$ cat model33.pdb   # PDB, C-alpha atoms
ATOM      1  CA  GLN A 832       0.000   0.000   0.000
ATOM      2  CA  LEU A 833       1.368   3.387  -0.976
ATOM      3  CA  HIS A 834       1.376   6.309   1.426
ATOM      4  CA  LEU A 835       2.210   9.951   0.821
ATOM      5  CA  VAL A 836       2.986  12.165   3.795
ATOM      6  CA  GLU A 837       3.401  15.912   3.389
ATOM      7  CA  SER A 838       5.109  18.188   5.877
ATOM      8  CA  GLY A 839       6.625  21.641   6.103
ATOM      9  CA  GLY A 840       3.541  23.812   6.112
ATOM     10  CA  GLY A 841       2.986  26.611   8.578
ATOM     11  CA  LEU A 842       2.442  30.311   9.118
ATOM     12  CA  VAL A 843       4.753  32.708   7.304
ATOM     13  CA  GLN A 844       4.771  36.428   6.637
ATOM     14  CA  PRO A 845       4.416  37.796   3.108
ATOM     15  CA  GLY A 846       7.751  37.642   1.356
ATOM     16  CA  GLY A 847       8.848  34.680   3.424
ATOM     17  CA  SER A 848       9.751  31.126   2.412
ATOM     18  CA  LEU A 849       8.686  27.593   3.204
ATOM     19  CA  ARG A 850       9.826  24.206   1.983
ATOM     20  CA  LEU A 851       7.260  21.464   1.684
ATOM     21  CA  SER A 852       8.192  17.792   1.609
ATOM     22  CA  CYS A 853       6.244  14.756   0.480
ATOM     23  CA  VAL A 854       7.596  11.327   1.297
ATOM     24  CA  ALA A 855       6.291   8.344  -0.643
ATOM     25  CA  SER A 856       6.451   4.896   0.877
ATOM     26  CA  GLY A 857       5.554   1.677  -0.839
ATOM     27  CA  ALA A 858       5.948   3.032  -4.370
ATOM     28  CA  ARG A 859       8.408   2.829  -7.181
ATOM     29  CA  PHE A 860       9.169   6.502  -6.878
ATOM     30  CA  ILE A 861      11.629   6.524  -9.734
ATOM     31  CA  ALA A 862       8.877   5.371 -12.124
ATOM     32  CA  ALA A 863       6.335   7.940 -11.029
ATOM     33  CA  SER A 864       5.495  11.504 -11.846
ATOM     34  CA  THR A 865       5.084  13.853  -8.900
ATOM     35  CA  HIS A 866       2.923  16.922  -8.550
ATOM     36  CA  TRP A 867       1.875  19.591  -6.102
ATOM     37  CA  TYR A 868      -1.628  21.008  -5.914
ATOM     38  CA  ARG A 869      -3.277  23.468  -3.581
ATOM     39  CA  GLN A 870      -6.778  24.293  -2.466
ATOM     40  CA  ALA A 871      -7.870  27.498  -0.778
ATOM     41  CA  PRO A 872     -11.161  27.695   1.147
ATOM     42  CA  GLY A 873     -14.066  28.028  -1.256
ATOM     43  CA  ASN A 874     -11.893  27.294  -4.282
ATOM     44  CA  GLU A 875     -11.301  24.243  -6.390
ATOM     45  CA  ARG A 876      -8.054  22.345  -6.104
ATOM     46  CA  GLU A 877      -5.520  23.777  -8.540
ATOM     47  CA  TRP A 878      -2.321  22.429  -9.986
ATOM     48  CA  VAL A 879       0.904  24.102  -8.841
ATOM     49  CA  ALA A 880       3.907  22.209 -10.179
ATOM     50  CA  SER A 881       5.054  18.911 -11.654
ATOM     51  CA  ALA A 882       8.312  16.985 -11.791
ATOM     52  CA  SER A 883       8.573  13.836 -13.886
ATOM     53  CA  PRO A 884      11.519  11.587 -14.751
ATOM     54  CA  GLY A 885      13.343  12.838 -17.811
ATOM     55  CA  ARG A 886      11.245  15.977 -18.146
ATOM     56  CA  SER A 887      11.734  19.601 -17.191
ATOM     57  CA  PRO A 888       9.722  20.833 -14.216
ATOM     58  CA  LYS A 889       6.519  22.679 -14.970
ATOM     59  CA  TYR A 890       4.818  25.422 -13.007
ATOM     60  CA  ALA A 891       1.540  27.245 -12.892
ATOM     61  CA  ASP A 892       1.900  30.843 -14.033
ATOM     62  CA  SER A 893       0.927  32.074 -10.580
ATOM     63  CA  VAL A 894       3.990  30.496  -8.949
ATOM     64  CA  ALA A 895       6.588  30.436 -11.745
ATOM     65  CA  GLY A 896       9.770  32.169 -10.659
ATOM     66  CA  ARG A 897       8.911  31.833  -6.967
ATOM     67  CA  PHE A 898       8.399  28.106  -6.412
ATOM     68  CA  THR A 899      10.768  25.259  -7.237
ATOM     69  CA  ILE A 900       9.849  21.587  -7.363
ATOM     70  CA  SER A 901      12.545  18.980  -6.932
ATOM     71  CA  ARG A 902      12.882  15.259  -6.313
ATOM     72  CA  ASP A 903      15.219  13.073  -4.298
ATOM     73  CA  SER A 904      14.666   9.590  -5.660
ATOM     74  CA  ALA A 905      16.985   8.017  -3.100
ATOM     75  CA  LYS A 906      14.656   9.295  -0.375
ATOM     76  CA  SER A 907      11.429   8.911  -2.386
ATOM     77  CA  THR A 908      10.709  12.528  -1.623
ATOM     78  CA  VAL A 909       9.428  15.455  -3.631
ATOM     79  CA  PHE A 910       9.961  18.991  -2.410
ATOM     80  CA  LEU A 911       8.350  22.324  -3.083
ATOM     81  CA  GLN A 912      10.515  25.308  -2.224
ATOM     82  CA  MET A 913       8.300  28.374  -1.965
ATOM     83  CA  ASN A 914       9.899  31.807  -1.932
ATOM     84  CA  ASN A 915       8.476  35.314  -1.892
ATOM     85  CA  LEU A 916       5.187  33.985  -0.580
ATOM     86  CA  LYS A 917       2.060  36.049  -1.075
ATOM     87  CA  ARG A 918      -1.236  36.082   0.810
ATOM     88  CA  GLU A 919      -2.897  34.443  -2.168
ATOM     89  CA  ASP A 920      -0.612  31.433  -1.725
ATOM     90  CA  THR A 921      -2.551  30.564   1.431
ATOM     91  CA  ALA A 922      -4.022  27.102   0.918
ATOM     92  CA  THR A 923      -3.771  23.474   1.809
ATOM     93  CA  TYR A 924      -1.032  21.944  -0.326
ATOM     94  CA  TYR A 925      -1.280  18.376  -1.544
ATOM     95  CA  CYS A 926       1.190  16.135  -3.291
ATOM     96  CA  ARG A 927       0.097  13.661  -5.910
ATOM     97  CA  LEU A 928       2.046  10.743  -7.309
ATOM     98  CA  ARG A 929       1.121   8.958 -10.510
ATOM     99  CA  GLU A 930       2.569   5.583 -11.280
ATOM    100  CA  ILE A 931       3.523   5.961 -14.926
ATOM    101  CA  SER A 932       3.040   2.289 -15.820
ATOM    102  CA  THR A 933      -0.483   1.976 -14.412
ATOM    103  CA  GLY A 934      -1.764   5.544 -14.384
ATOM    104  CA  THR A 935      -2.770   5.102 -10.749
ATOM    105  CA  ASP A 936      -2.916   8.297  -8.716
ATOM    106  CA  TYR A 937      -2.154   8.679  -5.033
ATOM    107  CA  TRP A 938      -2.723  11.750  -2.880
ATOM    108  CA  GLY A 939      -1.307  12.913   0.397
ATOM    109  CA  GLN A 940      -3.362  14.271   3.276
ATOM    110  CA  GLY A 941      -2.294  17.877   2.740
ATOM    111  CA  THR A 942      -0.309  20.448   4.676
ATOM    112  CA  GLN A 943      -1.586  23.923   5.492
ATOM    113  CA  VAL A 944       0.277  27.017   4.354
ATOM    114  CA  THR A 945      -0.872  30.367   5.703
ATOM    115  CA  VAL A 946       0.696  33.601   4.514
ATOM    116  CA  SER A 947      -0.228  36.443   6.802
ATOM    117  CA  ALA A 948       1.310  39.395   8.574
TER     118      ALA A 948
END

$ encode --input "model33.pdb" --output "structure tokens"
Amino acid sequence: QLHLVESGGGLVQPGGSLRLSCVASGARFIAASTHWYRQAPGNEREWVASASPGRSPKYADSVAGRFTISRDSAKSTVFLQMNNLKREDTATYYCRLREISTGTDYWGQGTQVTVSA
């Protein structure tokens, strides 16, 4: 059974930084694409960033230039470095892993990010 566990969320002032982590257990991480999404209260879940084997990272326009997604396959972990945070970045952040061979998706439980003075 695959499990995804996010961590690293918290309260930060505008302009600050946070680094989110998502650890995958029970999966062939190296053969999976990894993604970050976020959902603010009253809004639909939106895609933030993706990192897939052999492909360049991709970002939503709203975070490009401020967020960086990276992977550590040895630790089965995907990171989201968030810099220059804005109030509109406040949301629950979720990681998603897709097993490339089967197309099966897995989601983490989410970690809350609050950007406020």

$ closest_residue --input "model33.pdb" --among "A:Gly846, A:Gly841, A:Gly885, A:Gly857" --to "Leu928 of chain A" --atoms "all atoms listed in the file"
A:Gly857

$ atom_distance --input "model33.pdb" --atom1 "atom CA of Ser887 of chain A" --atom2 "atom CA of Pro845 of chain A"
28.2 Å

$ residues_around --input "model33.pdb" --residues "Ala871 of chain A" --least-positions-apart "4" --cutoff "8 Å" --atoms "all atoms listed in the file" --output "PyMOL selection string"
chain A and resi 875-876+921-923

$ write_last_selection --input "model33.pdb" --atoms "C-alpha atoms" --output "PDB file, in the frame of the given file"
ATOM      1  CA  GLU A 875     -11.301  24.243  -6.390  1.00  0.00           C
ATOM      2  CA  ARG A 876      -8.054  22.345  -6.104  1.00  0.00           C
ATOM      3  CA  THR A 921      -2.551  30.564   1.431  1.00  0.00           C
ATOM      4  CA  ALA A 922      -4.022  27.102   0.918  1.00  0.00           C
ATOM      5  CA  THR A 923      -3.771  23.474   1.809  1.00  0.00           C
TER       6      THR A 923
END

$ atom_distance --input "model33.pdb" --atom1 "atom CA of Arg918 of chain A" --atom2 "atom CA of Trp938 of chain A"
24.7 Å

$ resolve_selection --input "model33.pdb" --expression "the PyMOL selection byres ((chain A and resi 888) around 12)" --output "NGL selection string"
:A and (864-867 or 879-887 or 889-891 or 895-896 or 898-902 or 909-911)

$ resolve_selection --input "model33.pdb" --expression "the PyMOL selection byres ((chain A and resi 943) around 9)" --output "count of residues only"
14

$ closest_residue --input "model33.pdb" --among "A:Ser856, A:Gln870, A:Gly847, A:Asp903" --to "Leu833 of chain A" --atoms "all atoms listed in the file"
A:Ser856

$ atom_distance --input "model33.pdb" --atom1 "atom CA of Val854 of chain A" --atom2 "atom CA of Asp936 of chain A"
14.8 Å

$ resolve_selection --input "model33.pdb" --expression "the PyMOL selection byres ((chain A and resi 849) around 6)" --output "NGL selection string"
:A and (848 or 850 or 913)

$ decode --input "model33.pdb" --residues "segment 900-920 of chain A" --atoms "N, CA, C and O atoms" --output "PDB file, in the first residue's frame"
ATOM      1  N   ILE A 900      10.114  22.980  -7.697  1.00  0.00           N
ATOM      2  CA  ILE A 900       9.849  21.587  -7.363  1.00  0.00           C
ATOM      3  C   ILE A 900      11.105  20.774  -7.630  1.00  0.00           C
ATOM      4  O   ILE A 900      11.825  21.018  -8.613  1.00  0.00           O
ATOM      5  N   SER A 901      11.380  19.835  -6.747  1.00  0.00           N
ATOM      6  CA  SER A 901      12.545  18.980  -6.932  1.00  0.00           C
ATOM      7  C   SER A 901      12.248  17.603  -6.343  1.00  0.00           C
ATOM      8  O   SER A 901      11.312  17.447  -5.548  1.00  0.00           O
ATOM      9  N   ARG A 902      13.056  16.634  -6.750  1.00  0.00           N
ATOM     10  CA  ARG A 902      12.882  15.259  -6.313  1.00  0.00           C
ATOM     11  C   ARG A 902      14.188  14.700  -5.791  1.00  0.00           C
ATOM     12  O   ARG A 902      15.258  15.011  -6.329  1.00  0.00           O
ATOM     13  N   ASP A 903      14.097  13.861  -4.788  1.00  0.00           N
ATOM     14  CA  ASP A 903      15.219  13.073  -4.298  1.00  0.00           C
ATOM     15  C   ASP A 903      14.764  11.619  -4.372  1.00  0.00           C
ATOM     16  O   ASP A 903      14.088  11.119  -3.467  1.00  0.00           O
ATOM     17  N   SER A 904      15.144  10.960  -5.455  1.00  0.00           N
ATOM     18  CA  SER A 904      14.666   9.590  -5.660  1.00  0.00           C
ATOM     19  C   SER A 904      15.206   8.634  -4.604  1.00  0.00           C
ATOM     20  O   SER A 904      14.534   7.676  -4.234  1.00  0.00           O
ATOM     21  N   ALA A 905      16.403   8.891  -4.121  1.00  0.00           N
ATOM     22  CA  ALA A 905      16.985   8.017  -3.100  1.00  0.00           C
ATOM     23  C   ALA A 905      16.155   8.040  -1.815  1.00  0.00           C
ATOM     24  O   ALA A 905      16.125   7.057  -1.065  1.00  0.00           O
ATOM     25  N   LYS A 906      15.487   9.161  -1.571  1.00  0.00           N
ATOM     26  CA  LYS A 906      14.656   9.295  -0.375  1.00  0.00           C
ATOM     27  C   LYS A 906      13.167   9.232  -0.697  1.00  0.00           C
ATOM     28  O   LYS A 906      12.337   9.439   0.196  1.00  0.00           O
ATOM     29  N   SER A 907      12.838   8.974  -1.956  1.00  0.00           N
ATOM     30  CA  SER A 907      11.429   8.911  -2.386  1.00  0.00           C
ATOM     31  C   SER A 907      10.663  10.153  -1.925  1.00  0.00           C
ATOM     32  O   SER A 907       9.543  10.056  -1.390  1.00  0.00           O
ATOM     33  N   THR A 908      11.266  11.284  -2.132  1.00  0.00           N
ATOM     34  CA  THR A 908      10.709  12.528  -1.623  1.00  0.00           C
ATOM     35  C   THR A 908      10.649  13.573  -2.728  1.00  0.00           C
ATOM     36  O   THR A 908      11.587  13.699  -3.524  1.00  0.00           O
ATOM     37  N   VAL A 909       9.552  14.304  -2.744  1.00  0.00           N
ATOM     38  CA  VAL A 909       9.428  15.455  -3.631  1.00  0.00           C
ATOM     39  C   VAL A 909       9.282  16.696  -2.762  1.00  0.00           C
ATOM     40  O   VAL A 909       8.602  16.661  -1.724  1.00  0.00           O
ATOM     41  N   PHE A 910       9.945  17.751  -3.177  1.00  0.00           N
ATOM     42  CA  PHE A 910       9.961  18.991  -2.410  1.00  0.00           C
ATOM     43  C   PHE A 910       9.286  20.111  -3.194  1.00  0.00           C
ATOM     44  O   PHE A 910       9.234  20.082  -4.427  1.00  0.00           O
ATOM     45  N   LEU A 911       8.817  21.096  -2.465  1.00  0.00           N
ATOM     46  CA  LEU A 911       8.350  22.324  -3.083  1.00  0.00           C
ATOM     47  C   LEU A 911       8.928  23.483  -2.277  1.00  0.00           C
ATOM     48  O   LEU A 911       8.504  23.739  -1.149  1.00  0.00           O
ATOM     49  N   GLN A 912       9.931  24.126  -2.847  1.00  0.00           N
ATOM     50  CA  GLN A 912      10.515  25.308  -2.224  1.00  0.00           C
ATOM     51  C   GLN A 912       9.696  26.515  -2.650  1.00  0.00           C
ATOM     52  O   GLN A 912       9.555  26.782  -3.851  1.00  0.00           O
ATOM     53  N   MET A 913       9.173  27.231  -1.689  1.00  0.00           N
ATOM     54  CA  MET A 913       8.300  28.374  -1.965  1.00  0.00           C
ATOM     55  C   MET A 913       8.948  29.631  -1.419  1.00  0.00           C
ATOM     56  O   MET A 913       9.149  29.754  -0.207  1.00  0.00           O
ATOM     57  N   ASN A 914       9.277  30.542  -2.304  1.00  0.00           N
ATOM     58  CA  ASN A 914       9.899  31.807  -1.932  1.00  0.00           C
ATOM     59  C   ASN A 914       8.985  32.974  -2.271  1.00  0.00           C
ATOM     60  O   ASN A 914       8.071  32.847  -3.082  1.00  0.00           O
ATOM     61  N   ASN A 915       9.254  34.105  -1.641  1.00  0.00           N
ATOM     62  CA  ASN A 915       8.476  35.314  -1.892  1.00  0.00           C
ATOM     63  C   ASN A 915       6.968  35.016  -1.814  1.00  0.00           C
ATOM     64  O   ASN A 915       6.202  35.361  -2.723  1.00  0.00           O
ATOM     65  N   LEU A 916       6.581  34.400  -0.726  1.00  0.00           N
ATOM     66  CA  LEU A 916       5.187  33.985  -0.580  1.00  0.00           C
ATOM     67  C   LEU A 916       4.258  35.176  -0.488  1.00  0.00           C
ATOM     68  O   LEU A 916       4.600  36.223   0.093  1.00  0.00           O
ATOM     69  N   LYS A 917       3.080  35.009  -1.059  1.00  0.00           N
ATOM     70  CA  LYS A 917       2.060  36.049  -1.075  1.00  0.00           C
ATOM     71  C   LYS A 917       0.824  35.542  -0.333  1.00  0.00           C
ATOM     72  O   LYS A 917       0.629  34.333  -0.164  1.00  0.00           O
ATOM     73  N   ARG A 918      -0.017  36.470   0.087  1.00  0.00           N
ATOM     74  CA  ARG A 918      -1.236  36.082   0.810  1.00  0.00           C
ATOM     75  C   ARG A 918      -2.078  35.118  -0.027  1.00  0.00           C
ATOM     76  O   ARG A 918      -2.695  34.201   0.523  1.00  0.00           O
ATOM     77  N   GLU A 919      -2.081  35.304  -1.318  1.00  0.00           N
ATOM     78  CA  GLU A 919      -2.897  34.443  -2.168  1.00  0.00           C
ATOM     79  C   GLU A 919      -2.329  33.031  -2.313  1.00  0.00           C
ATOM     80  O   GLU A 919      -2.960  32.179  -2.949  1.00  0.00           O
ATOM     81  N   ASP A 920      -1.153  32.789  -1.744  1.00  0.00           N
ATOM     82  CA  ASP A 920      -0.612  31.433  -1.725  1.00  0.00           C
ATOM     83  C   ASP A 920      -1.178  30.619  -0.561  1.00  0.00           C
ATOM     84  O   ASP A 920      -0.914  29.416  -0.451  1.00  0.00           O
TER      85      ASP A 920
END
